[in-house]
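Here is the structure we will look at, set down as structure tokens.
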There are 2 protein chains.
Amino acid sequence: MRNICLTLAYDGTSYHGFQRQPQPHGPTIQGTLERVWESLVGEKIQVHTAGRTDTGVHAKGQVVNFQSETRIPEEKIPKAFNSLLPRDIRILSALNERPEFHSRFSARWKRYDYLIDNRPVPDVFQRLYALHEPLPLRREAMAEAADLLEGKHDFRAFAAAGGTSKTFERTLYVCRVAEGENGLLSVTCAADGFLYHMVRILVGTLLEVGRGKIPVERVEGILAGRERKEAGETAPAHGLTLVHVHYGEELPREVFPDLRRGKGKKDR
Amino acid sequence: MRNICLTLAYDGTSYHGFQRQPQPHGPTIQGTLERVWESLVGEKIQVHTAGRTDTGVHAKGQVVNFQSETRIPEEKIPKAFNSLLPRDIRILSALNERPEFHSRFSARWKRYDYLIDNRPVPDVFQRLYALHEPLPLRREAMAEAADLLEGKHDFRAFAAAGGTSKTFERTLYVCRVAEGENGLLSVTCAADGFLYHMVRILVGTLLEVGRGKIPVERVEGILAGRERKEAGETAPAHGLTLVHVHYGEELPREVFPDLRRGKGKKDR
């Protein structure tokens, strides 16, 4: 039995999230991958994922794995998949992994980016990939607040009800607000794990700081209070993209070319 | 009667081109603008455009004008329009123009960009805005061919049947192949006017040069021969974007930050 690992990108706009649903509401990424593989080689598989992205969330570097008896060489697997997948999902690479590799449990950290279009009139070409926030945000304050969120903390205040985690301590290696491509504002979050809706609640809180509704000084109190209701609202799904999943030891510079030494590094 | 001029952007994916159709096949940009204005102020208008983009073609800087009796101040018109327009059309600005201004006849030149995703696996986020060409293109040859196309020429070889133009001489001020944003290849064309499907046939011809099917040396012969069948195929619509329409005298540097002195400049 082989353990095949795929890296893939998808536009989540048309999908009801990653995870196959018992009662189908619409296509999912998992369901589509499993159906296409069965069409290709006549084998039923179960796809595991590094991160179960929500409805409307995108991915540039999602990682999945599955057990298979196929003899297709790894380098031919992406092309085979892509020949039958819809055009909004693309397999970027495939790799034979060791038997004990699991896309979720073996991951060391993940990076998500959240895009905000903060211009009065939004870019039509970014409407599906960035939240439109027409009023000017206080970016300096947002960057300061992001800095306070970095590090090893109990993130209970930033976890939605319905998650399966029993522990709430996570290390947020990077939480950074920056001017991104195409005039967009980006919030980058990298952590050893994320609680349910954690990135979207972190972003929702930073947005409230940017609007002047939550003062920067209150952020440490929100963390310490561990009360979900003290943090901001959950930001909409469509601004969020899973960018990278990492399985090595280090935070490589190529993934964070302008990485500051955040608090997370000191706490490791 | 006021003559109102709008600059707008749209994602052409869901539209059957700019021009309202006598037999509706689906929504058009013109039909949508006219319907929304009637809903806003109860006035029937006829929208004129700088360029009747085809089905699937996008715009970042389309210009239109229409006659109206409205008293809405110009600075409030974009917001009023955008409140009712679908999210894939955005009005960027509005201006009261002199009575004789016409978005098409007053235009001095237009700029179109055509995007090509020349990676083995295409970027899912660009699939609606860039042509995917999986095999490596000879970019140097394409750039040389583009250089030969610049200037004042009879472009009959690059005009599709069905156009309304009676003259075929146009000045192609800029025809340039460059590495664009997001790892895409871009072909920029700016001219005092374009024949029917001209940019898409120019790009189709450059693609054939890039594939090694048409040698660079044959390009001048294709121009001189004035035979449509000698040029390349019409490139698909979805890679094309109308970027800018210019009404002044000069080719301003901000629109072409790295403008070479092309042959078009000498011929003016």
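Identifiers in the structure tokens: chain A, B, ... in order shown; residue index from 1 per chain; ligand index from 1 in order shown.
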
Enumerate, in order of chain and increasing residue number, the residues of stretch 96-119 of chain B with an atom no farther than 8 Å from stretch 4-12 of chain B, each with its shortest atom pair and distance in Å to one decimal, counting only C-alpha atoms, as JSON lines.
{"residue": "B:Asn96", "atom": "CA", "partner": "B:Ile4", "partner_atom": "CA", "distance": 4.9}
{"residue": "B:Glu97", "atom": "CA", "partner": "B:Ile4", "partner_atom": "CA", "distance": 5.9}
{"residue": "B:Ser103", "atom": "CA", "partner": "B:Cys5", "partner_atom": "CA", "distance": 7.5}

Do you know which residues are at most 9 Å from B:Leu202 counting only C-alpha atoms, after dropping those on the same chain fewer than 3 positions away, and could you put them as a list in words?
->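 My reading of the contact set: Ala146, Leu149, Phe158, Cys189, His197, Met198, Val199, Thr205, Leu206, Leu207, Ala231, Gly232, Glu233, Thr234 and Ala235 of chain B.
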
Nearest to B:Thr55 by atom-to-atom distance, counting only C-alpha atoms, from B:Ile77, B:His238, B:Arg98, B:Val121 |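 The answer is B:His238, which sits nearest to B:Thr55.
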
Find the residues around B:Arg170 up to 8 Å (only C-alpha atoms counted), leave out those fewer than 6 positions away in its own chain, and share them as a list of chain:residue names.
->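 Final neighbour list, sorted by chain and number: B:Lys152, B:His153, B:Asp154, B:Phe155, B:Ala191, B:Asp192, B:Gly193, B:Phe194.
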
Please identify every residue of chain B that has at least one atom no more than 8 Å from any atom of chain A, counting only C-alpha atoms, and report them as JSON, numbers by chain.
-> {"B": [9, 10, 11, 87, 88, 89, 90, 91, 92, 121, 122, 123, 124, 125, 127]}

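The residue that comes closest to B:Phe66, out of B:Val47, B:Ala160, B:Val36, B:Met142 and on the basis of only C-alpha atoms, is B:Val47.
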
In stretch 129-202 of chain B, what's helix (DSSP H, G or I) per DSSP? Answer as a PyMOL selection string?
-> chain B and resi 139-149+156-158+181-183+198-202

Mind listing the strand (DSSP E) residues of stretch 16-92 of chain B, per DSSP on the backbone, as a PDB file with all heavy atoms, in the first residue's frame?
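That gives us result24.pdb:
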ATOM      1  N   HIS B  48     -23.098  54.812 -24.665  1.00  0.00           N
ATOM      2  CA  HIS B  48     -22.076  54.662 -25.716  1.00  0.00           C
ATOM      3  C   HIS B  48     -20.774  54.230 -25.065  1.00  0.00           C
ATOM      4  O   HIS B  48     -20.500  54.584 -23.925  1.00  0.00           O
ATOM      5  CB  HIS B  48     -21.865  55.985 -26.447  1.00  0.00           C
ATOM      6  CG  HIS B  48     -23.119  56.541 -27.017  1.00  0.00           C
ATOM      7  ND1 HIS B  48     -23.717  56.039 -28.151  1.00  0.00           N
ATOM      8  CD2 HIS B  48     -23.918  57.547 -26.576  1.00  0.00           C
ATOM      9  CE1 HIS B  48     -24.830  56.711 -28.397  1.00  0.00           C
ATOM     10  NE2 HIS B  48     -24.975  57.638 -27.452  1.00  0.00           N
ATOM     11  N   THR B  49     -19.952  53.491 -25.788  1.00  0.00           N
ATOM     12  CA  THR B  49     -18.729  52.957 -25.184  1.00  0.00           C
ATOM     13  C   THR B  49     -17.496  53.208 -26.043  1.00  0.00           C
ATOM     14  O   THR B  49     -17.599  53.311 -27.273  1.00  0.00           O
ATOM     15  CB  THR B  49     -18.865  51.436 -24.950  1.00  0.00           C
ATOM     16  OG1 THR B  49     -17.651  50.959 -24.392  1.00  0.00           O
ATOM     17  CG2 THR B  49     -19.110  50.681 -26.249  1.00  0.00           C
ATOM     18  N   HIS B  58     -12.590  41.362 -20.325  1.00  0.00           N
ATOM     19  CA  HIS B  58     -12.675  42.138 -19.092  1.00  0.00           C
ATOM     20  C   HIS B  58     -12.286  43.605 -19.327  1.00  0.00           C
ATOM     21  O   HIS B  58     -11.765  43.947 -20.379  1.00  0.00           O
ATOM     22  CB  HIS B  58     -11.735  41.534 -18.048  1.00  0.00           C
ATOM     23  CG  HIS B  58     -11.804  40.052 -18.009  1.00  0.00           C
ATOM     24  ND1 HIS B  58     -12.894  39.378 -17.492  1.00  0.00           N
ATOM     25  CD2 HIS B  58     -10.947  39.082 -18.456  1.00  0.00           C
ATOM     26  CE1 HIS B  58     -12.700  38.079 -17.612  1.00  0.00           C
ATOM     27  NE2 HIS B  58     -11.521  37.865 -18.190  1.00  0.00           N
ATOM     28  N   ALA B  59     -12.523  44.433 -18.317  1.00  0.00           N
ATOM     29  CA  ALA B  59     -12.097  45.835 -18.405  1.00  0.00           C
ATOM     30  C   ALA B  59     -11.645  46.336 -17.046  1.00  0.00           C
ATOM     31  O   ALA B  59     -12.273  46.026 -16.029  1.00  0.00           O
ATOM     32  CB  ALA B  59     -13.237  46.713 -18.929  1.00  0.00           C
ATOM     33  N   LYS B  60     -10.533  47.063 -17.055  1.00  0.00           N
ATOM     34  CA  LYS B  60     -10.088  47.771 -15.846  1.00  0.00           C
ATOM     35  C   LYS B  60     -10.310  49.266 -15.986  1.00  0.00           C
ATOM     36  O   LYS B  60     -10.283  49.981 -14.989  1.00  0.00           O
ATOM     37  CB  LYS B  60      -8.593  47.526 -15.607  1.00  0.00           C
ATOM     38  CG  LYS B  60      -8.282  46.126 -15.147  1.00  0.00           C
ATOM     39  CD  LYS B  60      -6.806  45.958 -14.827  1.00  0.00           C
ATOM     40  CE  LYS B  60      -6.558  44.586 -14.240  1.00  0.00           C
ATOM     41  NZ  LYS B  60      -5.112  44.328 -14.035  1.00  0.00           N
ATOM     42  N   GLY B  61     -10.474  49.749 -17.225  1.00  0.00           N
ATOM     43  CA  GLY B  61     -10.629  51.188 -17.450  1.00  0.00           C
ATOM     44  C   GLY B  61     -11.478  51.458 -18.684  1.00  0.00           C
ATOM     45  O   GLY B  61     -11.090  52.247 -19.541  1.00  0.00           O
ATOM     46  N   GLN B  62     -12.616  50.788 -18.773  1.00  0.00           N
ATOM     47  CA  GLN B  62     -13.564  51.054 -19.859  1.00  0.00           C
ATOM     48  C   GLN B  62     -14.133  52.464 -19.666  1.00  0.00           C
ATOM     49  O   GLN B  62     -14.243  52.929 -18.510  1.00  0.00           O
ATOM     50  CB  GLN B  62     -14.689  50.022 -19.806  1.00  0.00           C
ATOM     51  CG  GLN B  62     -15.855  50.221 -20.742  1.00  0.00           C
ATOM     52  CD  GLN B  62     -15.526  50.059 -22.220  1.00  0.00           C
ATOM     53  OE1 GLN B  62     -14.942  50.959 -22.839  1.00  0.00           O
ATOM     54  NE2 GLN B  62     -15.897  48.912 -22.771  1.00  0.00           N
ATOM     55  N   VAL B  63     -14.485  53.161 -20.752  1.00  0.00           N
ATOM     56  CA  VAL B  63     -15.102  54.483 -20.657  1.00  0.00           C
ATOM     57  C   VAL B  63     -16.399  54.477 -21.456  1.00  0.00           C
ATOM     58  O   VAL B  63     -16.435  53.980 -22.582  1.00  0.00           O
ATOM     59  CB  VAL B  63     -14.149  55.589 -21.167  1.00  0.00           C
ATOM     60  CG1 VAL B  63     -14.837  56.953 -21.135  1.00  0.00           C
ATOM     61  CG2 VAL B  63     -12.878  55.619 -20.321  1.00  0.00           C
ATOM     62  N   VAL B  64     -17.459  54.999 -20.843  1.00  0.00           N
ATOM     63  CA  VAL B  64     -18.756  55.104 -21.525  1.00  0.00           C
ATOM     64  C   VAL B  64     -19.308  56.517 -21.318  1.00  0.00           C
ATOM     65  O   VAL B  64     -18.845  57.251 -20.427  1.00  0.00           O
ATOM     66  CB  VAL B  64     -19.786  54.072 -20.980  1.00  0.00           C
ATOM     67  CG1 VAL B  64     -19.258  52.647 -21.089  1.00  0.00           C
ATOM     68  CG2 VAL B  64     -20.179  54.368 -19.530  1.00  0.00           C
ATOM     69  N   ASN B  65     -20.278  56.912 -22.134  1.00  0.00           N
ATOM     70  CA  ASN B  65     -20.982  58.172 -21.877  1.00  0.00           C
ATOM     71  C   ASN B  65     -22.451  58.028 -22.242  1.00  0.00           C
ATOM     72  O   ASN B  65     -22.825  57.133 -23.004  1.00  0.00           O
ATOM     73  CB  ASN B  65     -20.345  59.342 -22.624  1.00  0.00           C
ATOM     74  CG  ASN B  65     -20.599  59.291 -24.111  1.00  0.00           C
ATOM     75  OD1 ASN B  65     -20.189  58.340 -24.772  1.00  0.00           O
ATOM     76  ND2 ASN B  65     -21.288  60.301 -24.641  1.00  0.00           N
ATOM     77  N   PHE B  66     -23.262  58.880 -21.619  1.00  0.00           N
ATOM     78  CA  PHE B  66     -24.701  58.873 -21.919  1.00  0.00           C
ATOM     79  C   PHE B  66     -25.288  60.241 -21.600  1.00  0.00           C
ATOM     80  O   PHE B  66     -24.763  60.990 -20.779  1.00  0.00           O
ATOM     81  CB  PHE B  66     -25.425  57.760 -21.146  1.00  0.00           C
ATOM     82  CG  PHE B  66     -25.375  57.882 -19.641  1.00  0.00           C
ATOM     83  CD1 PHE B  66     -26.384  58.543 -18.935  1.00  0.00           C
ATOM     84  CD2 PHE B  66     -24.310  57.337 -18.918  1.00  0.00           C
ATOM     85  CE1 PHE B  66     -26.333  58.655 -17.551  1.00  0.00           C
ATOM     86  CE2 PHE B  66     -24.256  57.449 -17.538  1.00  0.00           C
ATOM     87  CZ  PHE B  66     -25.269  58.113 -16.841  1.00  0.00           C
ATOM     88  N   GLN B  67     -26.395  60.563 -22.291  1.00  0.00           N
ATOM     89  CA  GLN B  67     -27.115  61.824 -22.094  1.00  0.00           C
ATOM     90  C   GLN B  67     -28.133  61.623 -20.980  1.00  0.00           C
ATOM     91  O   GLN B  67     -28.830  60.600 -20.980  1.00  0.00           O
ATOM     92  CB  GLN B  67     -27.854  62.226 -23.375  1.00  0.00           C
ATOM     93  CG  GLN B  67     -27.025  62.138 -24.652  1.00  0.00           C
ATOM     94  CD  GLN B  67     -25.873  63.111 -24.669  1.00  0.00           C
ATOM     95  OE1 GLN B  67     -26.042  64.273 -24.284  1.00  0.00           O
ATOM     96  NE2 GLN B  67     -24.686  62.655 -25.076  1.00  0.00           N
ATOM     97  N   SER B  68     -28.219  62.601 -20.084  1.00  0.00           N
ATOM     98  CA  SER B  68     -29.164  62.452 -18.975  1.00  0.00           C
ATOM     99  C   SER B  68     -29.656  63.813 -18.490  1.00  0.00           C
ATOM    100  O   SER B  68     -28.973  64.831 -18.607  1.00  0.00           O
ATOM    101  CB  SER B  68     -28.480  61.722 -17.813  1.00  0.00           C
ATOM    102  OG  SER B  68     -29.300  61.769 -16.667  1.00  0.00           O
ATOM    103  N   ILE B  89     -19.273  44.397 -11.714  1.00  0.00           N
ATOM    104  CA  ILE B  89     -19.131  45.682 -12.429  1.00  0.00           C
ATOM    105  C   ILE B  89     -19.003  46.773 -11.373  1.00  0.00           C
ATOM    106  O   ILE B  89     -19.825  46.839 -10.455  1.00  0.00           O
ATOM    107  CB  ILE B  89     -20.357  46.024 -13.311  1.00  0.00           C
ATOM    108  CG1 ILE B  89     -20.702  44.868 -14.261  1.00  0.00           C
ATOM    109  CG2 ILE B  89     -20.130  47.320 -14.080  1.00  0.00           C
ATOM    110  CD1 ILE B  89     -21.944  45.150 -15.129  1.00  0.00           C
ATOM    111  N   ARG B  90     -17.993  47.619 -11.478  1.00  0.00           N
ATOM    112  CA  ARG B  90     -17.820  48.749 -10.543  1.00  0.00           C
ATOM    113  C   ARG B  90     -17.542  50.022 -11.329  1.00  0.00           C
ATOM    114  O   ARG B  90     -16.662  50.067 -12.182  1.00  0.00           O
ATOM    115  CB  ARG B  90     -16.630  48.516  -9.591  1.00  0.00           C
ATOM    116  CG  ARG B  90     -16.772  47.432  -8.526  1.00  0.00           C
ATOM    117  CD  ARG B  90     -17.801  47.766  -7.466  1.00  0.00           C
ATOM    118  NE  ARG B  90     -19.059  47.140  -7.776  1.00  0.00           N
ATOM    119  CZ  ARG B  90     -20.155  47.200  -7.013  1.00  0.00           C
ATOM    120  NH1 ARG B  90     -20.138  47.874  -5.873  1.00  0.00           N
ATOM    121  NH2 ARG B  90     -21.262  46.603  -7.380  1.00  0.00           N
ATOM    122  N   ILE B  91     -18.307  51.073 -11.004  1.00  0.00           N
ATOM    123  CA  ILE B  91     -18.050  52.391 -11.571  1.00  0.00           C
ATOM    124  C   ILE B  91     -16.921  53.025 -10.761  1.00  0.00           C
ATOM    125  O   ILE B  91     -17.021  53.132  -9.530  1.00  0.00           O
ATOM    126  CB  ILE B  91     -19.308  53.284 -11.514  1.00  0.00           C
ATOM    127  CG1 ILE B  91     -20.513  52.586 -12.154  1.00  0.00           C
ATOM    128  CG2 ILE B  91     -19.027  54.649 -12.169  1.00  0.00           C
ATOM    129  CD1 ILE B  91     -20.382  52.247 -13.614  1.00  0.00           C
ATOM    130  N   LEU B  92     -15.849  53.433 -11.434  1.00  0.00           N
ATOM    131  CA  LEU B  92     -14.683  53.988 -10.736  1.00  0.00           C
ATOM    132  C   LEU B  92     -14.771  55.501 -10.603  1.00  0.00           C
ATOM    133  O   LEU B  92     -14.314  56.071  -9.623  1.00  0.00           O
ATOM    134  CB  LEU B  92     -13.397  53.613 -11.485  1.00  0.00           C
ATOM    135  CG  LEU B  92     -13.213  52.101 -11.759  1.00  0.00           C
ATOM    136  CD1 LEU B  92     -11.957  51.852 -12.576  1.00  0.00           C
ATOM    137  CD2 LEU B  92     -13.157  51.316 -10.444  1.00  0.00           C
TER     138      LEU B  92
END

Near A:Asn118, counting only C-alpha atoms, which residues have an atom at most 9 Å away, once you skip same-chain residues fewer than 4 positions from it, shown as a ChimeraX atom specification?
-> /A:122,131-137,183-185

Do a neighbour search on B:Ser39 at 10 Å with only C-alpha atoms, toss out local chain neighbours closer than 6 positions, and write the hits as a short mmCIF file (atom, residue, chain, number, x, y, z; two decimals) with C-alpha atoms, in the first residue's frame.
data_model
loop_
_atom_site.label_atom_id
_atom_site.label_comp_id
_atom_site.auth_asym_id
_atom_site.auth_seq_id
_atom_site.Cartn_x
_atom_site.Cartn_y
_atom_site.Cartn_z
CA LEU B 33 -25.84 49.80 -16.96
CA PHE B 81 -24.60 53.03 -9.59
CA LEU B 84 -27.42 48.52 -7.51
#

Which neighbours of A:Gly17 fall inside 9 Å, counting only C-alpha atoms, when residues of the same chain fewer than 6 positions from it are skipped, and could you give them as a VMD selection string?
-> chain A and resid 27 to 30 52 to 57

Just to be explicit: take each residue in the selection above, keep all heavy atoms, and write the result as a compact mmCIF listing (two decimals), in the first residue's frame.
# COMPACT_ATOMS: atom_id res chain seq x y z
N PRO A 27 -20.83 20.46 -3.95
CA PRO A 27 -19.54 19.78 -4.05
C PRO A 27 -18.56 20.21 -2.95
O PRO A 27 -18.59 21.35 -2.50
CB PRO A 27 -19.02 20.20 -5.43
CG PRO A 27 -19.72 21.47 -5.74
CD PRO A 27 -21.06 21.39 -5.05
N THR A 28 -17.72 19.26 -2.51
CA THR A 28 -16.64 19.58 -1.57
C THR A 28 -15.32 19.22 -2.25
O THR A 28 -15.30 18.48 -3.24
CB THR A 28 -16.77 18.76 -0.28
OG1 THR A 28 -16.64 17.37 -0.59
CG2 THR A 28 -18.10 19.00 0.42
N ILE A 29 -14.21 19.75 -1.71
CA ILE A 29 -12.90 19.45 -2.28
C ILE A 29 -12.60 17.95 -2.08
O ILE A 29 -12.21 17.25 -3.03
CB ILE A 29 -11.80 20.31 -1.62
CG1 ILE A 29 -12.13 21.81 -1.73
CG2 ILE A 29 -10.44 19.99 -2.23
CD1 ILE A 29 -12.16 22.38 -3.12
N GLN A 30 -12.81 17.45 -0.87
CA GLN A 30 -12.55 16.04 -0.59
C GLN A 30 -13.37 15.13 -1.50
O GLN A 30 -12.82 14.20 -2.14
CB GLN A 30 -12.89 15.74 0.87
CG GLN A 30 -12.57 14.30 1.27
CD GLN A 30 -13.04 13.96 2.69
OE1 GLN A 30 -13.69 14.77 3.36
NE2 GLN A 30 -12.68 12.78 3.16
N ARG A 52 -9.04 21.44 7.25
CA ARG A 52 -10.38 21.35 6.67
C ARG A 52 -10.91 22.76 6.43
O ARG A 52 -11.57 23.33 7.29
CB ARG A 52 -11.29 20.56 7.61
CG ARG A 52 -11.03 19.06 7.54
CD ARG A 52 -11.71 18.33 8.65
NE ARG A 52 -11.11 18.70 9.94
CZ ARG A 52 -11.21 17.99 11.05
NH1 ARG A 52 -11.89 16.86 11.06
NH2 ARG A 52 -10.65 18.40 12.16
N THR A 53 -10.61 23.31 5.28
CA THR A 53 -11.02 24.68 4.99
C THR A 53 -12.55 24.77 4.91
O THR A 53 -13.22 23.86 4.45
CB THR A 53 -10.40 25.18 3.67
OG1 THR A 53 -10.66 24.21 2.64
CG2 THR A 53 -8.90 25.36 3.80
N ASP A 54 -13.08 25.92 5.39
CA ASP A 54 -14.53 26.16 5.38
C ASP A 54 -15.03 26.48 3.98
O ASP A 54 -14.26 26.79 3.07
CB ASP A 54 -14.86 27.39 6.24
CG ASP A 54 -14.57 27.17 7.71
OD1 ASP A 54 -14.78 26.05 8.19
OD2 ASP A 54 -14.13 28.14 8.37
N THR A 55 -16.35 26.48 3.85
CA THR A 55 -17.02 26.92 2.61
C THR A 55 -16.48 28.28 2.18
O THR A 55 -16.45 29.21 2.98
CB THR A 55 -18.54 27.04 2.87
OG1 THR A 55 -19.02 25.74 3.21
CG2 THR A 55 -19.27 27.54 1.64
N GLY A 56 -16.02 28.36 0.93
CA GLY A 56 -15.56 29.64 0.39
C GLY A 56 -14.10 29.98 0.66
O GLY A 56 -13.59 30.95 0.10
N VAL A 57 -13.42 29.19 1.51
CA VAL A 57 -12.00 29.44 1.78
C VAL A 57 -11.16 28.82 0.66
O VAL A 57 -11.48 27.76 0.14
CB VAL A 57 -11.59 28.86 3.16
CG1 VAL A 57 -10.09 28.96 3.38
CG2 VAL A 57 -12.35 29.58 4.27

Could you work out how far atom CA of A:Asn3 lies from atom CA of A:Glu100, giving the answer in Å with one decimal?
->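 Between atom CA of A:Glu100 and atom CA of A:Asn3 the gap works out to 8.4 Å.
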
Give the answer as one residue: which of A:Asp113, A:Asp147, A:Glu43, A:Glu220 has the shortest atom-to-atom distance to A:Thr188, using only C-alpha atoms?
->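 Closest residue, counting only C-alpha atoms: A:Asp113.
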
Computed gap from atom CA of B:His102 to atom CA of B:Glu74 is 17.2 Å

Atom pair atom CA of A:Gly162 + atom CA of A:Thr13, distance 22.8 Å

Choose the residue, out of A:Glu217, A:Gly225, A:Ile116, A:Arg156, that has the smallest atom-to-atom separation from A:Val177; count only C-alpha atoms.
->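 Nearest candidate to A:Val177 out of A:Glu217, A:Gly225, A:Ile116, A:Arg156: A:Ile116.
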
Find the residues around B:Ala141 up to 7 Å (only C-alpha atoms counted), leave out those fewer than 5 positions away in its own chain, and share them as an NGL selection string.
-> :B and (209-210 or 216)

Let me see the file: selected residues, all heavy atoms, as a PDB file, in the first residue's frame.
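Output below, filename result-v4.pdb:
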ATOM      1  N   VAL B 209       4.350  32.315 -32.980  1.00  0.00           N
ATOM      2  CA  VAL B 209       5.789  32.604 -32.981  1.00  0.00           C
ATOM      3  C   VAL B 209       6.430  31.961 -31.748  1.00  0.00           C
ATOM      4  O   VAL B 209       7.474  31.309 -31.842  1.00  0.00           O
ATOM      5  CB  VAL B 209       6.043  34.134 -33.009  1.00  0.00           C
ATOM      6  CG1 VAL B 209       7.519  34.456 -32.780  1.00  0.00           C
ATOM      7  CG2 VAL B 209       5.558  34.729 -34.335  1.00  0.00           C
ATOM      8  N   GLY B 210       5.773  32.088 -30.604  1.00  0.00           N
ATOM      9  CA  GLY B 210       6.297  31.523 -29.365  1.00  0.00           C
ATOM     10  C   GLY B 210       6.391  30.004 -29.392  1.00  0.00           C
ATOM     11  O   GLY B 210       7.264  29.404 -28.760  1.00  0.00           O
ATOM     12  N   VAL B 216       9.915  34.379 -36.808  1.00  0.00           N
ATOM     13  CA  VAL B 216       9.865  35.834 -36.643  1.00  0.00           C
ATOM     14  C   VAL B 216       9.962  36.549 -37.990  1.00  0.00           C
ATOM     15  O   VAL B 216       9.247  37.519 -38.240  1.00  0.00           O
ATOM     16  CB  VAL B 216      11.014  36.319 -35.712  1.00  0.00           C
ATOM     17  CG1 VAL B 216      11.033  37.832 -35.621  1.00  0.00           C
ATOM     18  CG2 VAL B 216      10.872  35.712 -34.323  1.00  0.00           C
TER      19      VAL B 216
END
